[in-house]
file upload_12.cif (mmCIF, C-alpha atoms)
data_entry
loop_
_atom_site.label_atom_id
_atom_site.label_comp_id
_atom_site.auth_asym_id
_atom_site.auth_seq_id
_atom_site.Cartn_x
_atom_site.Cartn_y
_atom_site.Cartn_z
CA MET A 200 -4.29 -34.66 -2.85
CA ARG A 201 -0.96 -36.08 -3.87
CA GLN A 202 2.66 -35.60 -2.80
CA PRO A 203 6.10 -35.92 -4.37
CA ASP A 204 7.42 -39.52 -4.40
CA ASP A 205 9.88 -38.95 -1.57
CA GLU A 206 7.39 -37.10 0.71
CA ASP A 207 5.72 -38.63 3.77
CA SER A 208 2.00 -39.00 3.04
CA SER A 209 0.98 -39.10 6.73
CA ALA A 210 -0.12 -35.95 8.58
CA PRO A 211 2.64 -34.15 10.51
CA PRO A 212 2.58 -35.13 14.21
CA THR A 213 1.55 -32.88 17.11
CA TRP A 214 4.16 -30.93 19.08
CA GLU A 215 3.42 -31.99 22.67
CA LEU A 216 2.66 -29.11 25.03
CA GLN A 217 5.07 -29.00 28.01
CA SER A 218 3.73 -25.83 29.66
CA SER A 219 1.57 -22.81 28.85
CA GLU A 220 1.85 -19.57 30.85
CA PRO A 221 -0.12 -16.33 30.57
CA ARG A 222 2.05 -13.28 29.81
CA ASN A 223 0.36 -9.88 29.34
CA GLU A 224 -3.15 -8.40 29.11
CA TYR A 225 -3.96 -5.75 26.49
CA VAL A 226 -7.04 -3.83 25.34
CA SER A 227 -8.27 -6.38 22.73
CA PHE A 228 -6.00 -9.40 23.26
CA ARG A 229 -3.69 -11.18 25.65
CA THR A 230 -0.44 -13.13 25.22
CA ARG A 231 0.78 -16.51 26.49
CA HIS A 232 4.03 -18.47 26.23
CA ASP A 233 3.95 -22.15 25.26
CA ARG A 234 6.84 -24.58 25.70
CA VAL A 235 6.52 -27.51 23.25
CA ARG A 236 8.54 -30.63 22.43
CA SER A 237 9.47 -31.39 18.81
CA PRO A 238 8.21 -34.79 17.61
CA ILE A 239 11.21 -34.93 15.26
CA ASP A 240 14.17 -34.76 17.63
CA GLY A 241 12.67 -34.20 21.09
CA SER A 242 14.10 -30.67 21.34
CA GLU A 243 12.16 -28.03 23.34
CA HIS A 244 10.96 -24.80 21.72
CA GLY A 245 9.14 -21.70 22.98
CA PHE A 246 6.32 -19.94 21.12
CA ASP A 247 4.47 -16.75 22.05
CA ILE A 248 0.78 -16.76 21.15
CA VAL A 249 -1.73 -13.89 20.80
CA GLU A 250 -5.17 -14.79 22.12
CA SER A 251 -8.24 -12.71 21.25
CA ALA A 252 -11.93 -13.51 21.44
CA ASP A 253 -13.50 -15.31 18.49
CA ALA A 254 -15.18 -12.92 16.10
CA VAL A 255 -17.93 -12.79 13.52
CA THR A 256 -17.93 -11.29 10.04
CA VAL A 257 -21.24 -10.64 8.29
CA ILE A 258 -22.03 -10.93 4.60
CA ALA A 259 -25.41 -9.20 4.33
CA THR A 260 -27.04 -8.62 0.96
CA THR A 261 -29.89 -6.25 0.10
CA PRO A 262 -32.97 -7.27 -1.92
CA ALA A 263 -31.19 -5.69 -4.94
CA GLY A 264 -28.18 -7.98 -4.37
CA ASP A 265 -25.73 -5.37 -3.05
CA PHE A 266 -23.34 -6.18 -0.20
CA VAL A 267 -23.78 -4.11 2.97
CA MET A 268 -20.24 -2.96 3.83
CA ILE A 269 -18.55 -0.34 5.98
CA GLU A 270 -15.66 2.06 5.68
CA GLN A 271 -13.92 2.80 8.98
CA PHE A 272 -10.60 4.06 10.29
CA ARG A 273 -8.61 1.12 11.67
CA HIS A 274 -5.93 1.52 14.31
CA GLY A 275 -3.75 -1.48 13.37
CA THR A 276 -2.96 -0.06 9.94
CA ARG A 277 -3.91 3.58 10.81
CA SER A 278 -5.89 3.77 7.56
CA VAL A 279 -9.46 3.74 6.27
CA VAL A 280 -10.50 0.16 5.50
CA LEU A 281 -13.43 -1.20 3.46
CA GLU A 282 -14.77 -4.32 5.19
CA PHE A 283 -17.80 -6.39 5.98
CA PRO A 284 -19.46 -5.55 9.32
CA GLY A 285 -18.42 -7.67 12.29
CA GLY A 286 -16.78 -7.78 15.68
CA ILE A 287 -15.94 -9.96 18.64
CA LEU A 288 -18.46 -12.31 20.24
CA ASP A 289 -19.80 -11.17 23.58
CA PRO A 290 -19.10 -13.71 26.38
CA GLY A 291 -21.39 -16.72 25.83
CA GLU A 292 -22.80 -15.29 22.60
CA GLU A 293 -23.30 -17.59 19.57
CA PRO A 294 -22.19 -16.55 16.06
CA ILE A 295 -25.64 -15.96 14.49
CA PRO A 296 -27.00 -13.62 17.22
CA SER A 297 -23.61 -11.90 17.24
CA GLY A 298 -23.76 -11.34 13.47
CA LEU A 299 -27.29 -9.93 13.65
CA ARG A 300 -26.24 -7.64 16.53
CA GLU A 301 -23.07 -6.36 14.81
CA LEU A 302 -24.93 -5.71 11.54
CA ARG A 303 -27.58 -3.71 13.41
CA GLU A 304 -25.09 -1.73 15.53
CA GLU A 305 -22.57 -0.93 12.79
CA THR A 306 -24.97 -0.28 9.88
CA GLY A 307 -28.56 0.02 11.16
CA PHE A 308 -29.48 -2.84 8.81
CA ALA A 309 -31.44 -6.01 9.61
CA GLY A 310 -32.40 -8.96 7.41
CA ARG A 311 -33.56 -12.56 7.50
CA ASN A 312 -32.42 -16.17 6.95
CA ALA A 313 -29.27 -15.60 9.03
CA GLU A 314 -27.04 -18.68 8.76
CA LEU A 315 -23.52 -19.76 9.76
CA VAL A 316 -21.62 -20.43 6.52
CA GLY A 317 -18.31 -21.55 8.00
CA THR A 318 -15.38 -20.62 10.22
CA LEU A 319 -11.97 -19.18 9.30
CA GLU A 320 -8.67 -19.28 11.21
CA LEU A 321 -7.21 -15.75 11.49
CA ASN A 322 -3.50 -16.62 11.71
CA PRO A 323 -2.53 -20.12 12.95
CA ALA A 324 1.18 -19.17 13.04
CA PHE A 325 0.81 -17.39 16.39
CA GLN A 326 -2.90 -16.64 16.98
CA SER A 327 -5.78 -18.80 18.18
CA THR A 328 -8.64 -16.56 16.99
CA ARG A 329 -11.42 -17.95 14.80
CA ILE A 330 -13.76 -15.87 12.63
CA HIS A 331 -17.29 -17.13 12.02
CA LEU A 332 -18.95 -16.14 8.74
CA VAL A 333 -22.66 -15.32 9.09
CA ARG A 334 -24.74 -14.69 5.97
CA ILE A 335 -27.90 -12.54 6.15
CA GLN A 336 -30.35 -12.00 3.26
CA ASP A 337 -32.81 -9.23 2.37
CA ALA A 338 -31.01 -6.71 4.54
CA GLU A 339 -32.59 -3.26 4.79
CA ARG A 340 -32.05 -0.16 6.90
CA VAL A 341 -34.39 -0.43 9.88
CA ASP A 342 -32.81 1.86 12.45
CA SER A 343 -29.97 4.28 13.07
CA LYS A 344 -26.55 2.88 13.93
CA ASP A 345 -25.66 2.15 17.57
CA LEU A 346 -21.91 2.81 17.81
CA ASP A 347 -19.73 3.13 20.88
CA GLU A 348 -17.58 6.26 21.07
CA SER A 349 -14.49 4.50 19.64
CA GLU A 350 -16.36 3.57 16.42
CA ASP A 351 -17.15 5.65 13.31
CA THR A 352 -18.56 3.55 10.45
CA ARG A 353 -19.81 4.69 7.04
CA VAL A 354 -22.23 2.29 5.35
CA ARG A 355 -21.45 1.46 1.72
CA LEU A 356 -23.49 -0.66 -0.71
CA LEU A 357 -21.50 -2.49 -3.39
CA SER A 358 -22.45 -4.92 -6.17
CA LEU A 359 -20.29 -8.03 -6.64
CA PRO A 360 -18.55 -6.54 -9.71
CA GLU A 361 -17.73 -3.43 -7.63
CA VAL A 362 -16.29 -5.62 -4.87
CA VAL A 363 -14.18 -7.56 -7.39
CA GLN A 364 -12.99 -4.26 -8.88
CA GLY A 365 -11.96 -3.24 -5.34
CA ILE A 366 -9.91 -6.43 -5.04
CA ARG A 367 -8.22 -5.65 -8.35
CA ASP A 368 -7.35 -2.03 -7.56
CA GLY A 369 -6.31 -2.82 -3.95
CA THR A 370 -9.02 -0.79 -2.16
CA PHE A 371 -10.56 -4.02 -0.79
CA ASP A 372 -7.63 -5.92 0.70
CA THR A 373 -8.17 -7.39 4.14
CA ALA A 374 -7.48 -11.13 4.46
CA VAL A 375 -10.61 -11.88 6.51
CA ALA A 376 -12.95 -10.01 4.14
CA LEU A 377 -11.56 -11.61 0.97
CA ALA A 378 -11.59 -15.04 2.62
CA ALA A 379 -15.19 -14.51 3.76
CA LEU A 380 -16.24 -13.55 0.24
CA ALA A 381 -14.50 -16.64 -1.19
CA LEU A 382 -16.20 -18.89 1.37
CA HIS A 383 -19.57 -17.25 0.66
CA LEU A 384 -19.27 -17.66 -3.12
CA TRP A 385 -17.55 -21.06 -3.32
CA ARG A 386 -19.66 -22.79 -0.73
CA GLU A 387 -22.38 -23.53 -3.27
CA ALA A 388 -21.46 -22.20 -6.73
CA ASP A 389 -21.38 -24.69 -9.59
CA LEU A 390 -17.68 -24.55 -10.30
CA GLY A 391 -18.08 -26.46 -13.54
CA ASP A 392 -19.04 -23.09 -15.03
CA ALA A 393 -16.25 -21.12 -13.36
CA PRO A 394 -14.08 -18.93 -15.61
CA TRP A 395 -10.72 -20.51 -14.61
CA MET B 154 -20.48 2.24 -4.46
CA ARG B 155 -23.60 3.82 -2.98
CA GLN B 156 -24.85 4.58 0.53
CA PRO B 157 -28.19 4.96 2.29
CA ASP B 158 -29.74 8.43 1.84
CA ASP B 159 -28.93 9.57 5.36
CA GLU B 160 -25.30 8.32 5.31
CA ASP B 161 -22.24 10.56 4.91
CA SER B 162 -20.63 9.83 1.55
CA SER B 163 -17.21 11.18 2.54
CA ALA B 164 -14.47 8.89 3.86
CA PRO B 165 -14.25 8.65 7.68
CA PRO B 166 -11.56 10.99 9.05
CA THR B 167 -8.24 9.93 10.58
CA TRP B 168 -7.88 9.53 14.34
CA GLU B 169 -4.90 11.76 15.12
CA LEU B 170 -2.01 10.00 16.87
CA GLN B 171 -1.13 11.61 20.22
CA SER B 172 1.60 9.17 21.29
CA SER B 173 2.91 5.70 20.44
CA GLU B 174 4.96 3.70 22.94
CA PRO B 175 6.60 0.27 22.60
CA ARG B 176 5.35 -2.29 25.13
CA ASN B 177 6.69 -5.87 24.98
CA GLU B 178 8.94 -8.01 22.75
CA TYR B 179 7.97 -11.60 21.91
CA VAL B 180 9.31 -14.42 19.74
CA SER B 181 7.52 -13.46 16.48
CA PHE B 182 5.93 -10.08 17.27
CA ARG B 183 6.02 -7.03 19.52
CA THR B 184 3.33 -4.80 21.02
CA ARG B 185 2.88 -1.03 21.20
CA HIS B 186 0.31 1.29 22.80
CA ASP B 187 -1.16 4.16 20.77
CA ARG B 188 -3.07 7.12 22.21
CA VAL B 189 -5.38 8.66 19.60
CA ARG B 190 -7.87 11.52 19.50
CA SER B 191 -11.38 10.94 18.14
CA PRO B 192 -12.26 13.23 15.20
CA ILE B 193 -15.91 13.04 16.30
CA ASP B 194 -15.82 14.46 19.83
CA GLY B 195 -12.11 15.03 20.58
CA SER B 196 -12.05 12.29 23.25
CA GLU B 197 -8.80 10.33 23.80
CA HIS B 198 -8.65 6.55 23.38
CA GLY B 199 -5.93 3.93 23.83
CA PHE B 200 -5.32 1.01 21.47
CA ASP B 201 -2.81 -1.85 21.79
CA ILE B 202 -1.30 -2.95 18.49
CA VAL B 203 0.53 -6.19 17.55
CA GLU B 204 3.43 -5.58 15.16
CA SER B 205 5.05 -8.41 13.23
CA ALA B 206 7.25 -8.37 10.14
CA ASP B 207 5.53 -8.29 6.76
CA ALA B 208 5.21 -11.74 5.25
CA VAL B 209 4.90 -13.46 1.91
CA THR B 210 2.52 -16.20 0.81
CA VAL B 211 3.30 -18.18 -2.35
CA ILE B 212 0.87 -19.57 -4.89
CA ALA B 213 3.05 -21.91 -6.94
CA THR B 214 1.56 -24.13 -9.63
CA THR B 215 3.11 -27.20 -11.29
CA PRO B 216 3.19 -27.74 -15.07
CA ALA B 217 0.12 -29.99 -14.55
CA GLY B 218 -1.73 -27.09 -12.85
CA ASP B 219 -1.64 -28.37 -9.26
CA PHE B 220 -1.07 -25.99 -6.35
CA VAL B 221 2.10 -26.67 -4.28
CA MET B 222 0.86 -26.61 -0.68
CA ILE B 223 2.06 -27.72 2.74
CA GLU B 224 0.59 -29.38 5.79
CA GLN B 225 2.23 -28.34 9.05
CA PHE B 226 1.50 -28.25 12.77
CA ARG B 227 0.78 -24.67 13.79
CA HIS B 228 1.27 -23.41 17.34
CA GLY B 229 -1.38 -20.65 17.35
CA THR B 230 -4.21 -23.13 16.83
CA ARG B 231 -2.23 -26.23 18.00
CA SER B 232 -3.50 -28.12 14.95
CA VAL B 233 -2.36 -29.36 11.54
CA VAL B 234 -3.08 -26.70 8.92
CA LEU B 235 -3.17 -26.91 5.10
CA GLU B 236 -1.66 -23.71 3.66
CA PHE B 237 0.33 -22.17 0.87
CA PRO B 238 4.09 -21.93 1.59
CA GLY B 239 5.31 -18.62 2.99
CA GLY B 240 6.89 -16.82 5.89
CA ILE B 241 8.23 -13.51 7.10
CA LEU B 242 10.49 -11.30 5.00
CA ASP B 243 14.13 -11.23 6.07
CA PRO B 244 15.34 -7.70 6.96
CA GLY B 245 15.66 -5.72 3.71
CA GLU B 246 14.30 -8.59 1.61
CA GLU B 247 11.80 -7.88 -1.20
CA PRO B 248 8.63 -9.99 -1.65
CA ILE B 249 9.63 -11.86 -4.83
CA PRO B 250 13.04 -13.12 -3.60
CA SER B 251 11.38 -13.94 -0.27
CA GLY B 252 8.68 -15.99 -2.03
CA LEU B 253 11.23 -17.91 -4.09
CA ARG B 254 13.28 -18.58 -0.93
CA GLU B 255 10.32 -19.73 1.18
CA LEU B 256 9.06 -22.02 -1.60
CA ARG B 257 12.52 -23.59 -1.93
CA GLU B 258 13.05 -23.99 1.84
CA GLU B 259 9.60 -25.28 2.77
CA THR B 260 8.92 -27.52 -0.25
CA GLY B 261 12.14 -28.03 -2.29
CA PHE B 262 10.28 -26.62 -5.31
CA ALA B 263 11.42 -23.89 -7.70
CA GLY B 264 9.68 -22.36 -10.71
CA ARG B 265 9.72 -19.35 -13.02
CA ASN B 266 7.84 -16.12 -13.86
CA ALA B 267 7.68 -15.13 -10.18
CA GLU B 268 5.48 -12.02 -9.82
CA LEU B 269 3.92 -9.94 -7.07
CA VAL B 270 0.11 -10.25 -7.46
CA GLY B 271 -0.95 -7.97 -4.63
CA THR B 272 -0.82 -7.28 -0.90
CA LEU B 273 -3.28 -8.23 1.86
CA GLU B 274 -3.81 -6.69 5.30
CA LEU B 275 -3.75 -9.42 7.98
CA ASN B 276 -5.98 -7.76 10.59
CA PRO B 277 -6.34 -3.96 10.53
CA ALA B 278 -8.30 -4.00 13.82
CA PHE B 279 -5.11 -4.31 15.92
CA GLN B 280 -2.30 -5.51 13.65
CA SER B 281 -0.08 -3.69 11.15
CA THR B 282 1.20 -6.77 9.27
CA ARG B 283 0.88 -6.98 5.48
CA ILE B 284 1.06 -10.20 3.44
CA HIS B 285 2.44 -10.06 -0.09
CA LEU B 286 1.12 -12.62 -2.57
CA VAL B 287 3.79 -13.98 -4.94
CA ARG B 288 2.78 -16.24 -7.82
CA ILE B 289 5.26 -18.73 -9.31
CA GLN B 290 4.62 -20.89 -12.40
CA ASP B 291 5.99 -24.23 -13.62
CA ALA B 292 7.11 -25.21 -10.13
CA GLU B 293 8.96 -28.52 -9.84
CA ARG B 294 10.92 -30.31 -7.14
CA VAL B 295 14.56 -29.37 -7.59
CA ASP B 296 16.08 -30.04 -4.19
CA SER B 297 15.34 -31.35 -0.71
CA LYS B 298 13.66 -29.04 1.79
CA ASP B 299 15.79 -26.75 3.97
CA LEU B 300 13.85 -26.46 7.25
CA ASP B 301 14.98 -25.06 10.56
CA GLU B 302 14.48 -27.32 13.57
CA SER B 303 11.18 -25.72 14.57
CA GLU B 304 9.59 -26.55 11.16
CA ASP B 305 8.10 -29.82 9.85
CA THR B 306 6.31 -29.39 6.51
CA ARG B 307 4.67 -32.04 4.33
CA VAL B 308 4.32 -31.07 0.66
CA ARG B 309 0.89 -31.64 -0.89
CA LEU B 310 -0.21 -31.17 -4.49
CA LEU B 311 -3.87 -30.21 -5.03
CA SER B 312 -5.93 -29.36 -8.09
CA LEU B 313 -8.24 -26.33 -7.93
CA PRO B 314 -11.35 -28.54 -7.49
CA GLU B 315 -9.59 -30.30 -4.59
CA VAL B 316 -8.79 -26.93 -2.99
CA VAL B 317 -12.39 -25.77 -3.38
CA GLN B 318 -13.57 -29.06 -1.87
CA GLY B 319 -11.24 -28.33 1.07
CA ILE B 320 -12.92 -24.95 1.52
CA ARG B 321 -16.33 -26.64 1.51
CA ASP B 322 -15.46 -29.36 4.02
CA GLY B 323 -13.48 -26.99 6.27
CA THR B 324 -10.05 -28.63 5.89
CA PHE B 325 -8.75 -25.52 4.08
CA ASP B 326 -9.76 -22.62 6.30
CA THR B 327 -7.08 -20.02 7.00
CA ALA B 328 -8.03 -16.43 6.17
CA VAL B 329 -4.73 -15.57 4.46
CA ALA B 330 -4.75 -18.68 2.26
CA LEU B 331 -8.38 -18.24 1.12
CA ALA B 332 -7.80 -14.53 0.51
CA ALA B 333 -4.64 -15.29 -1.48
CA LEU B 334 -6.53 -17.78 -3.63
CA ALA B 335 -9.31 -15.25 -4.24
CA LEU B 336 -6.79 -12.56 -5.19
CA HIS B 337 -4.97 -15.01 -7.48
CA LEU B 338 -8.16 -16.11 -9.27
CA TRP B 339 -10.04 -12.80 -9.40
CA ARG B 340 -7.15 -10.65 -10.47
CA GLU B 341 -7.63 -11.61 -14.11
CA ALA B 342 -10.59 -13.97 -14.56
CA ASP B 343 -13.34 -12.91 -16.94
CA LEU B 344 -16.09 -12.54 -14.39
CA GLY B 345 -18.74 -12.22 -17.06
CA ASP B 346 -18.64 -16.02 -17.15
CA ALA B 347 -18.63 -16.51 -13.38
CA PRO B 348 -21.22 -18.89 -11.90
CA TRP B 349 -22.77 -16.37 -9.47
#

call {"tool": "encode", "arguments": {"input": "upload_12.cif", "output": "C-alpha cells"}}
result
Amino acid sequence: MRQPDDEDSSAPPTWELQSSEPRNEYVSFRTRHDRVRSPIDGSEHGFDIVESADAVTVIATTPAGDFVMIEQFRHGTRSVVLEFPGGILDPGEEPIPSGLRELREETGFAGRNAELVGTLELNPAFQSTRIHLVRIQDAERVDSKDLDESEDTRVRLLSLPEVVQGIRDGTFDTAVALAALALHLWREADLGDAPW
Amino acid sequence: MRQPDDEDSSAPPTWELQSSEPRNEYVSFRTRHDRVRSPIDGSEHGFDIVESADAVTVIATTPAGDFVMIEQFRHGTRSVVLEFPGGILDPGEEPIPSGLRELREETGFAGRNAELVGTLELNPAFQSTRIHLVRIQDAERVDSKDLDESEDTRVRLLSLPEVVQGIRDGTFDTAVALAALALHLWREADLGDAPW
C-alpha cells in the first residue's frame, strides 16, 4: 500500500462520540442519532445510523459442486432476487448454527464441514450491520422447507459458470451475495494462476 | 439453473402493494411503511423500508495498474474503512459524471475512458438503494482533494495482490467494495483459466 507524495500515510483519526440517542423502532431495524466531534477542526456533526441485527449468508455446495441458492420476492426492491440463503442471527445465536438453521429452513438442505469464512460490513456509511459468511459442503435435500408466512423461497442449483453468467447479465446483482462469493473464492485460490 | 425435483421451477410471484406511507426523514435516508398482500394465502403483512439516494462506487486504476482507494473513518461502524471512492448521486446526476466528480473530490485523481460496468443492489431485504459501478482508467493526481467538512479521506494505492491480501486478512471487508471488485474482474475475464 502506497500513497501520493503529498498524502498523509497515517490512518485517519477517530471522530469522538459526544452523544448517541435512540430514535425510532421499525420491523427489521432501528435508528439512532450520533453527535460526533471532527478531529480536524473540532466542529460538531450529526449522523443518523440504521441498526439491524447481524446476519449470516450461506454458501452451500452440493456433492456435484453446484451452489444452493434461492429466488425470492424482496420488499426493499419489490423484485425477485437470486441470492444465497441467509438471515438474521437469533438473539445469542452464533454464525455457524445460524447458517445451518437458515439453510435448512429456506431450502430443506443440510450438509457438513460448516465453517465461518469471514465477516463483511453491509454499509459502513450509515449502518452497523455485519454479515457472517458460513460455508457448508456436501449439501443435500434432507427435509421440506420450514418457512414463516412472510417467506416464499424457490431453491435453485447453479454451477459457478452459471453464477458468473448471472453476474454478467445482471440477474445476480446483490452486493452481499457477490461479496460473499468473492470472499469464498479468493480466500484460498492460488491467484498466481488467475486470469487477470 | 436447476432445482430439486419437488421444487416449483417458476419465479416466485409478486407481493401486491396495498399501501405505501412515508415515515421519517433522516440525514442520509428516509423510511417508509409498505402494506403488502401475500400471493400464497392472501394475508397482509407490513414491511419498513429504508430509502436512500442511489450511489456510485469508482474503480479507478493508475497507469501502473494500482487501484486508487481511500481510508476514511465511517460513522455506521465507527471505524476506519478501506474502500473505493464514491458517494451518492446529486439530484438528476448520471452515474458516470458522478463517478468522475467523486473521484476528483475524494482523491484529487482524474482519468479517462470512464464507463458504467454494472449496478448492484445494496440490500433488497429492506432497502431500495442501487450502487452503480463506474470504471476509470489511467487515473493520476491532477488536483488537491475537495472535501466537505464532514469528510477526511486518505488516498491509498494498492495492487490487485495487495487488495486480495486485504480480503484475506479482513482489512478490506465492505460488501459493496468486494462486490464491485468481483463485478469489475468477472465482467470480462476468461474464466476458463480461473484457479477454481

call {"tool": "atom_distance", "arguments": {"input": "upload_12.cif", "atom1": "CA of Ala313 (chain A)", "atom2": "CA of Asp351 (chain A)"}}
result
24.8 Å

call {"tool": "residues_near_point", "arguments": {"input": "upload_12.cif", "point": "(-18.6, -19.7, 3.6)", "cutoff": "6 Å", "atoms": "only C-alpha atoms", "output": "list in words"}}
result
Val316, Gly317, Leu382, His383 and Arg386 of chain A

call {"tool": "atom_distance", "arguments": {"input": "upload_12.cif", "atom1": "CA of Glu274 (chain B)", "atom2": "CA of Thr276 (chain A)"}}
result
8.1 Å

call {"tool": "resolve_selection", "arguments": {"input": "upload_12.cif", "expression": "the PyMOL selection byres ((chain B and resi 162-165) around 8)", "output": "PyMOL selection string"}}
result
(chain A and resi 270-272+279+351-353) or (chain B and resi 156+160-161+166-167)

call {"tool": "resolve_selection", "arguments": {"input": "upload_12.cif", "expression": "the PyMOL selection byres ((chain A and resi 248-256) around 9)", "output": "VMD selection string"}}
result
(chain A and resid 227 to 233 246 to 247 257 to 258 283 to 290 294 to 295 297 to 298 301 318 324 to 334 375 to 376 379) or (chain B and resid 179 to 181 203 228 to 229)

call {"tool": "residues_around", "arguments": {"input": "upload_12.cif", "residues": "Thr260 (chain B)", "least_positions_apart": "4", "cutoff": "8 Å", "atoms": "only C-alpha atoms", "output": "number ranges by chain"}}
result
B: 221, 223, 238, 256, 294, 297-298, 306-308

call {"tool": "atom_distance", "arguments": {"input": "upload_12.cif", "atom1": "CA of Glu315 (chain B)", "atom2": "CA of Ala292 (chain B)"}}
result
18.3 Å

call {"tool": "residues_near_point", "arguments": {"input": "upload_12.cif", "point": "(10.7, -17.9, -8.3)", "cutoff": "7 Å", "atoms": "only C-alpha atoms", "output": "VMD selection string"}}
result
chain B and resid 252 to 253 263 to 267 289

call {"tool": "resolve_selection", "arguments": {"input": "upload_12.cif", "expression": "the PyMOL selection byres ((chain B and resi 316) around 10)", "output": "list in words"}}
result
Met200 of chain A; Asp219, Phe220, Met222, Leu235, Leu310, Leu311, Ser312, Leu313, Pro314, Glu315, Val317, Gln318, Gly319, Ile320, Arg321, Asp322, Thr324, Phe325, Leu331 and Leu334 of chain B

call {"tool": "closest_residue", "arguments": {"input": "upload_12.cif", "among": "B:Arg176, B:Arg188, B:Arg254, B:Arg309", "to": "chain A", "atoms": "only C-alpha atoms"}}
result
B:Arg309

call {"tool": "closest_residue", "arguments": {"input": "upload_12.cif", "among": "B:Thr214, B:Thr327, B:Gln171, B:Gln290", "to": "chain A", "atoms": "all atoms listed in the file"}}
result
B:Thr327

call {"tool": "closest_residue", "arguments": {"input": "upload_12.cif", "among": "B:Arg227, B:Ala213, B:Asn177, B:Val189", "to": "Glu304 (chain B)", "atoms": "all atoms listed in the file"}}
result
B:Arg227

call {"tool": "closest_residue", "arguments": {"input": "upload_12.cif", "among": "A:Leu319, A:Ser349, A:Arg277, A:Arg303", "to": "Glu169 (chain B)", "atoms": "all atoms listed in the file"}}
result
A:Arg277

call {"tool": "decode", "arguments": {"input": "upload_12.cif", "residues": "region 191-224 of chain B", "atoms": "C-alpha atoms", "output": "compact mmCIF listing (two decimals), in the first residue's frame"}}
result
# COMPACT_ATOMS: atom_id res chain seq x y z
CA SER B 191 -49.14 -12.46 0.25
CA PRO B 192 -49.69 -14.28 -3.06
CA ILE B 193 -49.66 -17.57 -1.13
CA ASP B 194 -52.57 -17.16 1.29
CA GLY B 195 -53.79 -13.57 0.79
CA SER B 196 -52.64 -12.50 4.26
CA GLU B 197 -51.50 -8.87 4.79
CA HIS B 198 -48.00 -8.04 6.02
CA GLY B 199 -46.18 -4.80 6.88
CA PHE B 200 -42.58 -4.02 5.94
CA ASP B 201 -40.47 -0.98 6.83
CA ILE B 202 -38.12 0.14 4.08
CA VAL B 203 -35.02 2.39 4.21
CA GLU B 204 -34.74 4.66 1.16
CA SER B 205 -31.51 6.45 0.31
CA ALA B 206 -30.33 8.03 -2.93
CA ASP B 207 -28.65 5.78 -5.48
CA ALA B 208 -24.88 5.91 -5.22
CA VAL B 209 -21.78 5.38 -7.30
CA THR B 210 -18.61 3.46 -6.48
CA VAL B 211 -15.48 4.06 -8.56
CA ILE B 212 -12.83 1.56 -9.56
CA ALA B 213 -10.04 3.78 -10.87
CA THR B 214 -6.68 2.33 -11.87
CA THR B 215 -3.37 4.16 -12.37
CA PRO B 216 -1.14 3.70 -15.44
CA ALA B 217 0.90 1.29 -13.26
CA GLY B 218 -2.25 -0.79 -12.58
CA ASP B 219 -2.80 0.17 -8.93
CA PHE B 220 -6.31 0.75 -7.58
CA VAL B 221 -7.00 4.29 -6.27
CA MET B 222 -8.61 3.71 -2.87
CA ILE B 223 -9.35 5.68 0.29
CA GLU B 224 -9.16 5.13 4.01
